[in-house]
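Student: Below is the file input21.txt, which contains compact mmCIF, C-alpha atoms.
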# COMPACT_ATOMS: atom_id res chain seq x y z
CA MET A 8 -36.80 25.92 -4.28
CA ASN A 9 -36.09 27.35 -7.73
CA PHE A 10 -33.31 29.84 -8.33
CA THR A 11 -31.39 31.34 -11.20
CA VAL A 12 -27.83 32.54 -11.57
CA GLY A 13 -27.36 36.31 -11.74
CA PHE A 14 -23.96 37.17 -13.22
CA LYS A 15 -22.06 40.40 -12.92
CA PRO A 16 -19.06 40.75 -15.25
CA LEU A 17 -15.78 39.67 -13.73
CA LEU A 18 -12.64 41.60 -14.54
CA GLY A 19 -9.71 39.86 -16.18
CA ASP A 20 -7.53 40.13 -13.04
CA ALA A 21 -10.13 38.46 -10.83
CA HIS A 22 -10.64 35.66 -13.35
CA SER A 23 -6.90 35.09 -13.53
CA MET A 24 -6.62 34.91 -9.75
CA ASP A 25 -9.48 32.38 -9.59
CA SER A 26 -7.83 30.25 -12.28
CA LEU A 27 -4.51 30.40 -10.44
CA GLU A 28 -6.14 29.36 -7.17
CA LYS A 29 -7.55 26.21 -8.79
CA GLN A 30 -4.01 25.19 -9.78
CA LEU A 31 -2.81 25.59 -6.20
CA ILE A 32 -5.31 23.17 -4.61
CA CYS A 33 -3.96 20.00 -2.95
CA PRO A 34 -5.84 16.88 -4.21
CA ILE A 35 -5.80 15.41 -0.68
CA CYS A 36 -6.96 18.18 1.67
CA LEU A 37 -8.66 20.12 -1.17
CA GLU A 38 -7.26 23.34 0.24
CA MET A 39 -4.47 25.57 -1.02
CA PHE A 40 -1.06 23.90 -0.68
CA SER A 41 0.51 24.42 2.72
CA LYS A 42 4.28 24.66 2.81
CA PRO A 43 6.44 22.69 2.46
CA VAL A 44 5.14 21.50 -0.91
CA VAL A 45 6.72 18.32 -2.34
CA ILE A 46 6.82 17.28 -5.99
CA LEU A 47 6.34 13.61 -6.88
CA PRO A 48 8.20 11.76 -9.66
CA CYS A 49 5.02 12.04 -11.77
CA GLN A 50 5.31 15.86 -11.47
CA HIS A 51 2.18 16.24 -9.30
CA ASN A 52 2.41 18.28 -6.10
CA LEU A 53 1.20 17.57 -2.55
CA CYS A 54 1.45 19.22 0.83
CA ARG A 55 4.16 17.31 2.66
CA LYS A 56 1.73 16.69 5.52
CA CYS A 57 -0.89 15.26 3.13
CA ALA A 58 1.76 13.13 1.38
CA ASN A 59 2.84 11.80 4.77
CA ASP A 60 -0.77 10.99 5.72
CA VAL A 61 -1.27 8.98 2.52
CA PHE A 62 2.12 7.29 2.95
CA GLN A 63 1.45 6.34 6.58
CA ALA A 64 -1.98 4.95 5.62
CA SER A 65 -0.38 2.77 2.91
CA ASN A 66 2.57 1.73 5.11
CA PRO A 67 1.23 1.40 8.69
CA LEU A 68 4.31 -0.53 9.88
CA TRP A 69 6.85 1.99 8.52
CA GLN A 70 9.04 3.48 11.26
CA SER A 71 8.47 7.17 11.99
CA ARG A 72 11.18 9.70 11.22
CA GLY A 73 12.10 10.09 14.87
CA SER A 74 12.58 6.36 15.43
CA THR A 75 16.04 5.08 16.34
CA THR A 76 15.54 2.05 14.11
CA VAL A 77 16.64 2.41 10.48
CA SER A 78 13.82 1.38 8.17
CA SER A 79 13.74 0.75 4.48
CA GLY A 80 11.62 2.98 2.27
CA GLY A 81 8.00 2.45 1.43
CA ARG A 82 5.65 3.29 -1.40
CA PHE A 83 2.27 4.85 -2.10
CA ARG A 84 0.27 5.92 -5.13
CA CYS A 85 -0.18 9.47 -6.40
CA PRO A 86 -3.82 10.46 -5.70
CA SER A 87 -4.00 12.33 -9.02
CA CYS A 88 -2.66 9.79 -11.54
CA ARG A 89 -2.22 6.58 -9.45
CA HIS A 90 1.49 6.46 -10.36
CA GLU A 91 3.40 4.40 -7.80
CA VAL A 92 5.85 6.52 -5.77
CA VAL A 93 8.78 4.58 -4.28
CA LEU A 94 10.47 6.30 -1.32
CA ASP A 95 13.87 5.81 0.24
CA ARG A 96 14.52 5.35 3.94
CA HIS A 97 13.73 9.05 4.58
CA GLY A 98 10.09 8.56 3.56
CA VAL A 99 8.26 11.67 2.34
CA TYR A 100 11.06 13.79 3.79
CA GLY A 101 13.23 12.50 0.97
CA LEU A 102 10.93 14.03 -1.67
CA GLN A 103 12.12 17.21 -3.37
CA ARG A 104 10.42 20.45 -2.34
CA ASN A 105 8.78 22.47 -5.11
CA LEU A 106 10.11 25.93 -4.29
CA LEU A 107 8.51 27.40 -7.42
CA VAL A 108 5.01 26.46 -6.24
CA GLU A 109 5.78 27.75 -2.75
CA ASN A 110 6.87 31.11 -4.18
CA ILE A 111 3.73 31.28 -6.33
CA ILE A 112 1.61 30.65 -3.23
CA ASP A 113 3.33 33.51 -1.42
CA ILE A 114 2.74 35.86 -4.34
CA TYR A 115 -0.89 34.75 -4.65
CA LYS A 116 -1.55 35.37 -0.96
CA GLN A 117 0.00 38.81 -1.22
CA GLU A 118 -2.14 39.71 -4.22
CA SER A 119 -5.28 38.24 -2.65
CA SER A 120 -4.83 40.37 0.46
CA ARG A 121 -5.06 43.54 -1.57
CA PRO A 122 -8.56 45.11 -1.83
CA LEU A 123 -10.02 44.66 -5.31
CA HIS A 124 -12.55 47.48 -5.49
CA SER A 125 -13.29 46.75 -9.10
CA LYS A 126 -13.94 43.05 -8.53
CA ALA A 127 -17.60 42.07 -8.85
CA GLU A 128 -19.22 38.97 -7.44
CA GLN A 129 -21.60 36.48 -8.88
CA HIS A 130 -24.50 35.11 -6.87
CA LEU A 131 -27.28 32.66 -7.20
CA MET A 132 -30.54 34.59 -7.17
CA CYS A 133 -33.89 33.41 -5.84
CA GLU A 134 -36.40 32.80 -8.62
CA GLU A 135 -39.37 33.63 -6.40
CA HIS A 136 -37.73 36.80 -5.04
CA GLU A 137 -35.65 38.00 -7.97
CA ASP A 138 -33.69 40.60 -6.02
CA GLU A 139 -32.74 38.24 -3.22
CA LYS A 140 -29.53 36.24 -3.13
CA ILE A 141 -29.44 32.57 -2.14
CA ASN A 142 -27.79 32.91 1.26
CA ILE A 143 -29.25 30.24 3.58
CA TYR A 144 -29.80 26.49 3.52
CA CYS A 145 -33.07 24.82 4.54
CA LEU A 146 -32.15 21.86 6.76
CA SER A 147 -35.68 20.48 6.66
CA CYS A 148 -36.02 20.43 2.85
CA GLU A 149 -32.26 20.13 2.19
CA VAL A 150 -32.22 22.88 -0.45
CA PRO A 151 -30.60 26.35 -0.67
CA THR A 152 -33.00 29.27 -0.34
CA CYS A 153 -33.16 33.00 0.40
CA SER A 154 -34.00 34.99 3.50
CA LEU A 155 -37.42 36.10 2.25
CA CYS A 156 -38.43 32.50 1.61
CA LYS A 157 -37.64 31.81 5.26
CA VAL A 158 -39.59 34.85 6.52
CA PHE A 159 -42.58 34.86 4.17
CA GLY A 160 -42.22 31.97 1.73
CA ALA A 161 -42.36 28.20 1.56
CA HIS A 162 -39.64 27.71 4.20
CA LYS A 163 -41.02 29.92 6.96
CA ASP A 164 -41.63 26.91 9.24
CA CYS A 165 -38.35 25.15 8.40
CA GLU A 166 -35.05 25.05 10.22
CA VAL A 167 -32.31 26.87 8.31
CA ALA A 168 -28.57 27.49 8.59
CA PRO A 169 -26.09 29.86 6.88
CA LEU A 170 -25.17 28.62 3.41
CA PRO A 171 -21.37 28.86 3.94
CA THR A 172 -21.63 26.74 7.10
CA ILE A 173 -23.39 23.87 5.33
CA TYR A 174 -21.11 24.26 2.31
CA LYS A 175 -17.97 23.90 4.42
CA ARG A 176 -19.43 20.99 6.38
CA GLN A 177 -20.41 18.94 3.34
CA LYS A 178 -17.19 19.80 1.53
CA SER A 179 -15.25 18.57 4.55
CA GLU A 180 -17.29 15.33 4.63
CA LEU A 181 -16.63 14.66 0.97
CA GLY A 182 -12.94 15.45 1.38
CA ASP A 183 -12.67 12.99 4.27
CA GLY A 184 -14.47 10.36 2.20
CA ILE A 185 -12.09 10.87 -0.71
CA SER A 186 -9.07 10.51 1.58
CA MET A 187 -10.46 7.25 2.99
CA LEU A 188 -11.13 5.87 -0.48
CA VAL A 189 -7.65 6.79 -1.73
CA ALA A 190 -6.02 5.10 1.26
CA GLY A 191 -8.38 2.12 0.94
CA ASN A 192 -7.57 1.70 -2.74
CA ASP A 193 -3.86 1.42 -1.95
CA ARG A 194 -4.64 -1.26 0.62
CA VAL A 195 -6.81 -3.18 -1.83
CA GLN A 196 -4.04 -3.03 -4.42
CA ALA A 197 -1.58 -4.38 -1.84
CA VAL A 198 -3.94 -7.25 -1.00
CA ILE A 199 -4.32 -8.09 -4.71
CA THR A 200 -0.54 -8.15 -5.10
CA GLN A 201 -0.18 -10.44 -2.08
CA MET A 202 -2.83 -12.84 -3.36
CA GLU A 203 -1.13 -12.98 -6.76
CA GLU A 204 2.03 -13.98 -4.90
CA VAL A 205 0.00 -16.65 -3.08
CA CYS A 206 -1.08 -18.05 -6.46
CA GLN A 207 2.54 -18.25 -7.54
CA THR A 208 3.51 -19.90 -4.23
CA ILE A 209 0.73 -22.47 -4.60
CA GLU A 210 1.90 -23.28 -8.10
CA ASP A 211 5.54 -23.52 -6.99
CA ASN A 212 4.68 -25.74 -4.02
CA SER A 213 2.42 -27.90 -6.17
CA ARG A 214 5.17 -28.27 -8.76
CA ARG A 215 7.66 -29.29 -6.06
CA GLN A 216 5.29 -31.81 -4.49
CA LYS A 217 4.52 -33.33 -7.89
CA GLN A 218 8.22 -33.74 -8.53
CA LEU A 219 8.73 -35.49 -5.18
CA LEU A 220 5.71 -37.69 -5.81
CA ASN A 221 6.95 -38.70 -9.28
CA GLN A 222 10.47 -39.42 -7.99
CA ARG A 223 9.13 -41.79 -5.35
CA PHE A 224 6.77 -43.63 -7.68
CA GLU A 225 9.51 -44.07 -10.28
CA ALA A 226 11.30 -46.34 -7.75
CA LEU A 227 8.29 -48.64 -7.43
CA CYS A 228 7.10 -51.48 -9.65
CA ALA A 229 4.23 -51.33 -12.16
CA VAL A 230 1.62 -52.10 -9.49
CA LEU A 231 2.08 -48.56 -8.18
CA GLU A 232 1.22 -46.84 -11.49
CA GLU A 233 -2.54 -46.89 -11.14
CA ARG A 234 -2.44 -45.58 -7.58
CA LYS A 235 0.07 -42.91 -8.56
CA GLY A 236 -2.36 -41.59 -11.15
CA GLU A 237 -5.14 -41.37 -8.57
CA LEU A 238 -2.95 -39.42 -6.15
CA LEU A 239 -1.78 -37.01 -8.85
CA GLN A 240 -5.37 -36.30 -9.79
CA ALA A 241 -6.26 -35.59 -6.16
CA LEU A 242 -3.32 -33.19 -5.91
CA ALA A 243 -4.33 -31.43 -9.12
CA ARG A 244 -7.93 -31.09 -7.93
CA LYS A 245 -6.84 -29.53 -4.66
CA GLN A 246 -4.49 -27.18 -6.48
CA GLU A 247 -7.25 -26.07 -8.83
CA GLU A 248 -9.66 -25.67 -5.93
CA LYS A 249 -7.26 -23.37 -4.09
CA LEU A 250 -6.36 -21.38 -7.20
CA GLN A 251 -10.01 -20.87 -8.13
CA ARG A 252 -10.81 -19.58 -4.66
CA VAL A 253 -7.90 -17.11 -4.57
CA ARG A 254 -8.49 -15.94 -8.15
CA ALA A 255 -12.17 -15.36 -7.37
CA LEU A 256 -11.12 -13.16 -4.44
CA ILE A 257 -8.72 -11.29 -6.72
CA ARG A 258 -11.54 -10.58 -9.17
CA GLN A 259 -13.79 -9.40 -6.34
CA TYR A 260 -11.16 -7.06 -4.94
CA GLY A 261 -10.36 -5.84 -8.46
CA ASP A 262 -14.03 -5.01 -9.15
CA HIS A 263 -14.21 -3.12 -5.85
CA LEU A 264 -11.02 -1.22 -6.69
CA GLU A 265 -12.34 -0.24 -10.12
CA ALA A 266 -15.70 0.95 -8.74
CA SER A 267 -14.01 2.85 -5.92
CA SER A 268 -11.58 4.56 -8.33
CA LYS A 269 -14.44 5.70 -10.57
CA LEU A 270 -16.28 7.09 -7.56
CA VAL A 271 -13.14 8.98 -6.48
CA GLU A 272 -12.91 10.56 -9.93
CA SER A 273 -16.56 11.61 -9.82
CA ALA A 274 -16.14 13.05 -6.32
CA ILE A 275 -13.04 15.04 -7.32
CA GLN A 276 -14.90 16.48 -10.31
CA SER A 277 -17.77 17.47 -8.01
CA MET A 278 -15.35 19.20 -5.65
CA GLU A 279 -14.38 21.54 -8.50
CA GLU A 280 -17.93 22.96 -8.71
CA PRO A 281 -17.50 26.68 -7.79
CA GLN A 282 -21.17 27.32 -7.01
CA MET A 283 -22.04 26.43 -3.42
CA ALA A 284 -25.75 25.99 -4.06
CA LEU A 285 -25.23 23.82 -7.14
CA TYR A 286 -22.63 21.80 -5.29
CA LEU A 287 -24.97 21.18 -2.36
CA GLN A 288 -27.48 19.56 -4.69
CA ALA A 289 -25.02 16.67 -5.18
CA LYS A 290 -25.73 15.21 -1.73
CA GLU A 291 -26.30 11.77 -3.28
CA LEU A 292 -22.62 11.67 -4.22
CA ILE A 293 -21.63 12.16 -0.57
CA ASN A 294 -23.87 9.25 0.39
CA LYS A 295 -22.29 7.06 -2.29
CA VAL A 296 -18.79 7.94 -1.10
CA GLY A 297 -19.72 7.19 2.51
CA THR A 298 -21.34 3.89 1.55
CA MET A 299 -18.39 2.84 -0.62
CA SER A 300 -15.88 3.63 2.13
CA LYS A 301 -17.77 1.31 4.52
CA VAL A 302 -18.15 -1.64 2.14
CA GLU A 303 -16.90 -4.84 3.70
CA LEU A 304 -15.08 -7.15 1.32
CA ALA A 305 -14.97 -10.91 1.57
CA GLY A 306 -12.29 -12.50 3.69
CA ARG A 307 -8.94 -13.69 2.45
CA PRO A 308 -7.32 -17.15 2.55
CA GLU A 309 -6.17 -18.07 6.03
CA PRO A 310 -2.42 -18.19 6.83
CA GLY A 311 -0.83 -21.31 5.39
CA TYR A 312 -3.55 -21.70 2.76
CA GLU A 313 -0.91 -21.87 0.03
CA SER A 314 0.84 -24.85 1.67
CA MET A 315 0.63 -28.19 -0.14
CA GLU A 316 2.56 -30.18 2.46
CA GLN A 317 -0.48 -32.34 3.19
CA PHE A 318 0.12 -34.12 -0.12
CA THR A 319 3.32 -35.82 1.06
CA VAL A 320 3.39 -39.63 0.72
CA SER A 321 5.38 -42.38 2.44
CA VAL A 322 6.82 -45.22 0.31
CA GLU A 323 8.10 -47.37 3.20
CA HIS A 324 5.17 -49.78 3.24
CA VAL A 325 5.53 -53.44 2.39
CA ALA A 326 4.46 -54.69 -1.03
CA GLU A 327 1.15 -56.11 0.24
CA MET A 328 0.05 -52.62 1.33
CA LEU A 329 1.11 -50.67 -1.72
CA ARG A 330 -2.47 -50.15 -2.85
CA THR A 331 -3.32 -48.42 0.43
CA ILE A 332 -0.81 -45.62 -0.11
CA ASP A 333 -2.34 -42.17 0.51
CA PHE A 334 -1.09 -38.71 1.31
CA GLN A 335 0.40 -38.46 4.80
CA PRO A 336 0.37 -34.87 6.15
CA GLY A 337 3.31 -34.24 8.46
CA ALA A 338 5.34 -37.15 7.14
CA SER A 339 7.88 -34.86 5.51
CA GLY A 340 9.69 -34.22 8.82
CA GLU A 341 10.52 -37.91 9.34
CA GLU A 342 11.65 -38.34 5.76
CA GLU A 343 13.79 -35.20 5.45
CA ASP A 344 16.92 -37.18 4.72
CA GLU A 345 15.18 -39.10 1.95
CA GLU A 346 13.84 -35.91 0.38
CA VAL A 347 17.31 -34.41 0.32
CA ALA A 348 18.62 -37.50 -1.41
CA LEU A 349 15.82 -37.47 -3.99
CA ASP A 350 15.92 -33.72 -4.60
CA GLY A 351 19.42 -32.28 -5.00
CA GLU A 352 18.12 -28.75 -4.81
CA GLU A 353 16.04 -29.23 -1.66
CA GLY A 354 18.25 -26.90 0.37
CA SER A 355 17.47 -23.94 -1.82
CA ALA A 356 13.71 -24.38 -1.56
CA GLY A 357 13.49 -23.36 2.12
CA PRO A 358 10.37 -23.36 4.33
CA GLU A 359 7.35 -21.38 3.33
CA GLU A 360 7.46 -17.84 4.68
CA GLU A 361 4.85 -16.12 2.55
CA ARG A 362 1.61 -15.56 4.36
CA LEU A 363 -1.32 -13.50 3.22
CA GLU A 364 -1.95 -10.63 5.61
CA GLY A 365 -4.46 -7.97 4.45
CA PRO A 366 -4.03 -4.34 5.57
CA GLU A 367 -5.91 -3.22 8.65
CA GLY A 368 -8.73 -0.59 8.36
CA LEU A 369 -9.90 -1.75 4.92
CA HIS A 370 -13.41 -1.61 5.91
For the file at hand, write its structure as structure tokens.
Tutor:
Amino acid sequence: MNFTVGFKPLLGDAHSMDSLEKQLICPICLEMFSKPVVILPCQHNLCRKCANDVFQASNPLWQSRGSTTVSSGGRFRCPSCRHEVVLDRHGVYGLQRNLLVENIIDIYKQESSRPLHSKAEQHLMCEEHEDEKINIYCLSCEVPTCSLCKVFGAHKDCEVAPLPTIYKRQKSELGDGISMLVAGNDRVQAVITQMEEVCQTIEDNSRRQKQLLNQRFEALCAVLEERKGELLQALARKQEEKLQRVRALIRQYGDHLEASSKLVESAIQSMEEPQMALYLQAKELINKVGTMSKVELAGRPEPGYESMEQFTVSVEHVAEMLRTIDFQPGASGEEEDEEVALDGEEGSAGPEEERLEGPEGLH
């Protein structure tokens, strides 16, 4: 279906109102801000309800406002600039309201309710029937068309629907996809941060185990030196194996985050298209957003993956069995007193408590 754009001149007042309306659109629900409107530290505005939805998605374990348990604040990222917003214990209810924007919305609604007799409209016109406006959508061919094309033209045997109905439906689908991607990106970023902490924990635990291993071998005679080197190499290989696996996952999650962020930007730009018919031609973008939101990422290291306790050795063997020394997982509990004596700062190390737990609903 071919069509052209027929323009009628718009008056300055109507153009100004349209420009103002674009500035009053929430980047989450893609509708005009609903009061109360909150302003973020980065100076972007959100409906408080939308801000709370994004916050709850990024902090699923955060206590609700009506809970009797006092919770610490959480954090989420601004959907417009990705700036990290840190909240206090009041959550989004602790954000400052933007009364100026709320007043502008009230004034805009009052002005919009007045009849603008001088305001002209612009329509997409059918190229085959030049005097006919594009006012329906062919569901069979998935293109906008006019009424005459349905009655007499190429779409007379097709199933059609009102153009505004399809426009609202697809706009709603894209909006939902954007919201899912924004929430998913925050979860991916949280997983990346946790895995970076796992890398640091692995390095710290490896460093500690190497120190214990060296301290024990220093008390032995020269016959232990060769075996000590073999055990240190095994420890280093395991450390490198674990680090390579976690870093590979970090790169994979990072690539997914970058691709998802670019798709969000493209989708937001598409949402700003004022022409319904032109917008509906971008159906491929909706498919991409839906596909991206359902992408399943590779798994993460299992709980306890960062532990290096299996590389603990026992030095209580007799001299004839020194060359059979190997790592003894679980031996650290029986030799706790000896470890304390060898490592004066053992008490401050504490048991491992960091475990990698990815956010639910990532897929």
Student: Closest to Ala274 of chain A among A:Glu137, A:Arg214, A:Cys57, A:Pro34, using only C-alpha atoms?
Tutor: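 Among the listed residues, A:Pro34 lies closest to Ala274 of chain A.
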Student: Within 9 Å of (-5.5, 11.8, -6.7) in the file's own coordinates, which protein, DNA or RNA residues have an atom, counting all atoms listed in the file? List them as a CSV table (one decimal) with C-alpha atoms, in the coordinates of the input.
Tutor:
chain,number,residue,atom,x,y,z
A,34,PRO,CA,-5.8,16.9,-4.2
A,35,ILE,CA,-5.8,15.4,-0.7
A,84,ARG,CA,0.3,5.9,-5.1
A,85,CYS,CA,-0.2,9.5,-6.4
A,86,PRO,CA,-3.8,10.5,-5.7
A,87,SER,CA,-4.0,12.3,-9.0
A,88,CYS,CA,-2.7,9.8,-11.5
A,89,ARG,CA,-2.2,6.6,-9.4
A,185,ILE,CA,-12.1,10.9,-0.7
A,189,VAL,CA,-7.6,6.8,-1.7
A,271,VAL,CA,-13.1,9.0,-6.5
A,272,GLU,CA,-12.9,10.6,-9.9
A,275,ILE,CA,-13.0,15.0,-7.3
Student: Can you tell me, as a PyMOL selection string, what residues are no more than 7 Å from Ile209 of chain A when counting only C-alpha atoms, ignoring any on the same chain fewer than 4 positions away?
Tutor: chain A and resi 205+213+313-314
Student: Dump C-alpha atoms for the selected residues as a JSON list (two decimals), in the coordinates of the input?
Tutor:
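The result, stored in result.json:
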[["chain", "number", "residue", "atom", "x", "y", "z"],
["A", 205, "VAL", "CA", 0.00, -16.65, -3.08],
["A", 213, "SER", "CA", 2.42, -27.90, -6.17],
["A", 313, "GLU", "CA", -0.91, -21.87, 0.03],
["A", 314, "SER", "CA", 0.84, -24.85, 1.67]]
Student: Just checking: using all atoms listed in the file, which residue out of A:Glu233, A:Glu280, A:Glu309, A:Glu316 ends up closest to Thr331 of chain A?
Tutor: A:Glu233
Student: Pick the closest to Lys245 of chain A from A:Asp193, A:Glu210, A:Glu232, A:Glu180: which is it, counting all atoms listed in the file?
Tutor: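 Smallest separation from Lys245 of chain A among the options: A:Glu210.
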Student: Quick one, how far is atom CA of Phe159 of chain A from atom CA of Glu139 of chain A?
Tutor: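 Going from atom CA of Phe159 of chain A over to atom CA of Glu139 of chain A, I get 12.8 Å.
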Student: I need the residue nearest Thr172 of chain A from this list: A:Pro48, A:Leu287, A:Asn105, A:Ala190. Use all atoms listed in the file for the distance.
Tutor: A:Leu287
Student: Please complete segment 140-148 of chain A with all heavy atoms and give it back as a short mmCIF file (atom, residue, chain, number, x, y, z; two decimals), in the coordinates of the input.
Tutor:
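Output saved as rebuild22.cif:
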data_model
loop_
_atom_site.label_atom_id
_atom_site.label_comp_id
_atom_site.auth_asym_id
_atom_site.auth_seq_id
_atom_site.Cartn_x
_atom_site.Cartn_y
_atom_site.Cartn_z
N LYS A 140 -30.58 37.23 -2.90
CA LYS A 140 -29.53 36.24 -3.13
C LYS A 140 -29.83 34.96 -2.35
O LYS A 140 -30.46 34.99 -1.30
CB LYS A 140 -28.17 36.78 -2.69
CG LYS A 140 -27.76 38.07 -3.38
CD LYS A 140 -26.50 38.61 -2.74
CE LYS A 140 -26.12 39.95 -3.36
NZ LYS A 140 -24.93 40.54 -2.70
N ILE A 141 -29.37 33.84 -2.87
CA ILE A 141 -29.44 32.57 -2.14
C ILE A 141 -28.37 32.60 -1.06
O ILE A 141 -27.18 32.53 -1.34
CB ILE A 141 -29.22 31.38 -3.09
CG1 ILE A 141 -30.25 31.37 -4.21
CG2 ILE A 141 -29.25 30.07 -2.32
CD1 ILE A 141 -31.66 31.16 -3.73
N ASN A 142 -28.77 32.72 0.19
CA ASN A 142 -27.79 32.91 1.26
C ASN A 142 -28.00 32.01 2.48
O ASN A 142 -27.26 32.09 3.45
CB ASN A 142 -27.79 34.37 1.70
CG ASN A 142 -29.15 34.82 2.19
OD1 ASN A 142 -30.11 34.05 2.15
ND2 ASN A 142 -29.24 36.07 2.63
N ILE A 143 -29.05 31.16 2.47
CA ILE A 143 -29.25 30.24 3.58
C ILE A 143 -29.58 28.86 3.03
O ILE A 143 -29.85 28.71 1.83
CB ILE A 143 -30.39 30.71 4.53
CG1 ILE A 143 -31.70 30.83 3.75
CG2 ILE A 143 -30.02 32.01 5.21
CD1 ILE A 143 -32.88 31.19 4.64
N TYR A 144 -29.54 27.87 3.92
CA TYR A 144 -29.80 26.49 3.52
C TYR A 144 -30.90 25.94 4.42
O TYR A 144 -30.80 25.99 5.65
CB TYR A 144 -28.54 25.64 3.66
CG TYR A 144 -28.68 24.23 3.15
CD1 TYR A 144 -28.58 23.95 1.79
CD2 TYR A 144 -28.92 23.17 4.03
CE1 TYR A 144 -28.69 22.65 1.32
CE2 TYR A 144 -29.04 21.87 3.55
CZ TYR A 144 -28.94 21.63 2.20
OH TYR A 144 -29.05 20.34 1.73
N CYS A 145 -31.96 25.41 3.79
CA CYS A 145 -33.07 24.82 4.54
C CYS A 145 -32.69 23.40 4.96
O CYS A 145 -32.53 22.52 4.11
CB CYS A 145 -34.34 24.81 3.69
SG CYS A 145 -35.75 24.04 4.53
N LEU A 146 -32.54 23.18 6.25
CA LEU A 146 -32.15 21.86 6.76
C LEU A 146 -33.30 20.87 6.66
O LEU A 146 -33.08 19.67 6.52
CB LEU A 146 -31.70 21.98 8.21
CG LEU A 146 -30.46 22.86 8.45
CD1 LEU A 146 -30.18 22.98 9.95
CD2 LEU A 146 -29.26 22.31 7.73
N SER A 147 -34.53 21.38 6.73
CA SER A 147 -35.68 20.48 6.66
C SER A 147 -35.89 19.95 5.26
O SER A 147 -36.13 18.75 5.06
CB SER A 147 -36.94 21.22 7.13
OG SER A 147 -36.78 21.71 8.45
N CYS A 148 -35.80 20.84 4.25
CA CYS A 148 -36.02 20.43 2.85
C CYS A 148 -34.73 20.09 2.13
O CYS A 148 -34.76 19.57 1.01
CB CYS A 148 -36.74 21.54 2.09
SG CYS A 148 -38.32 22.03 2.83
#
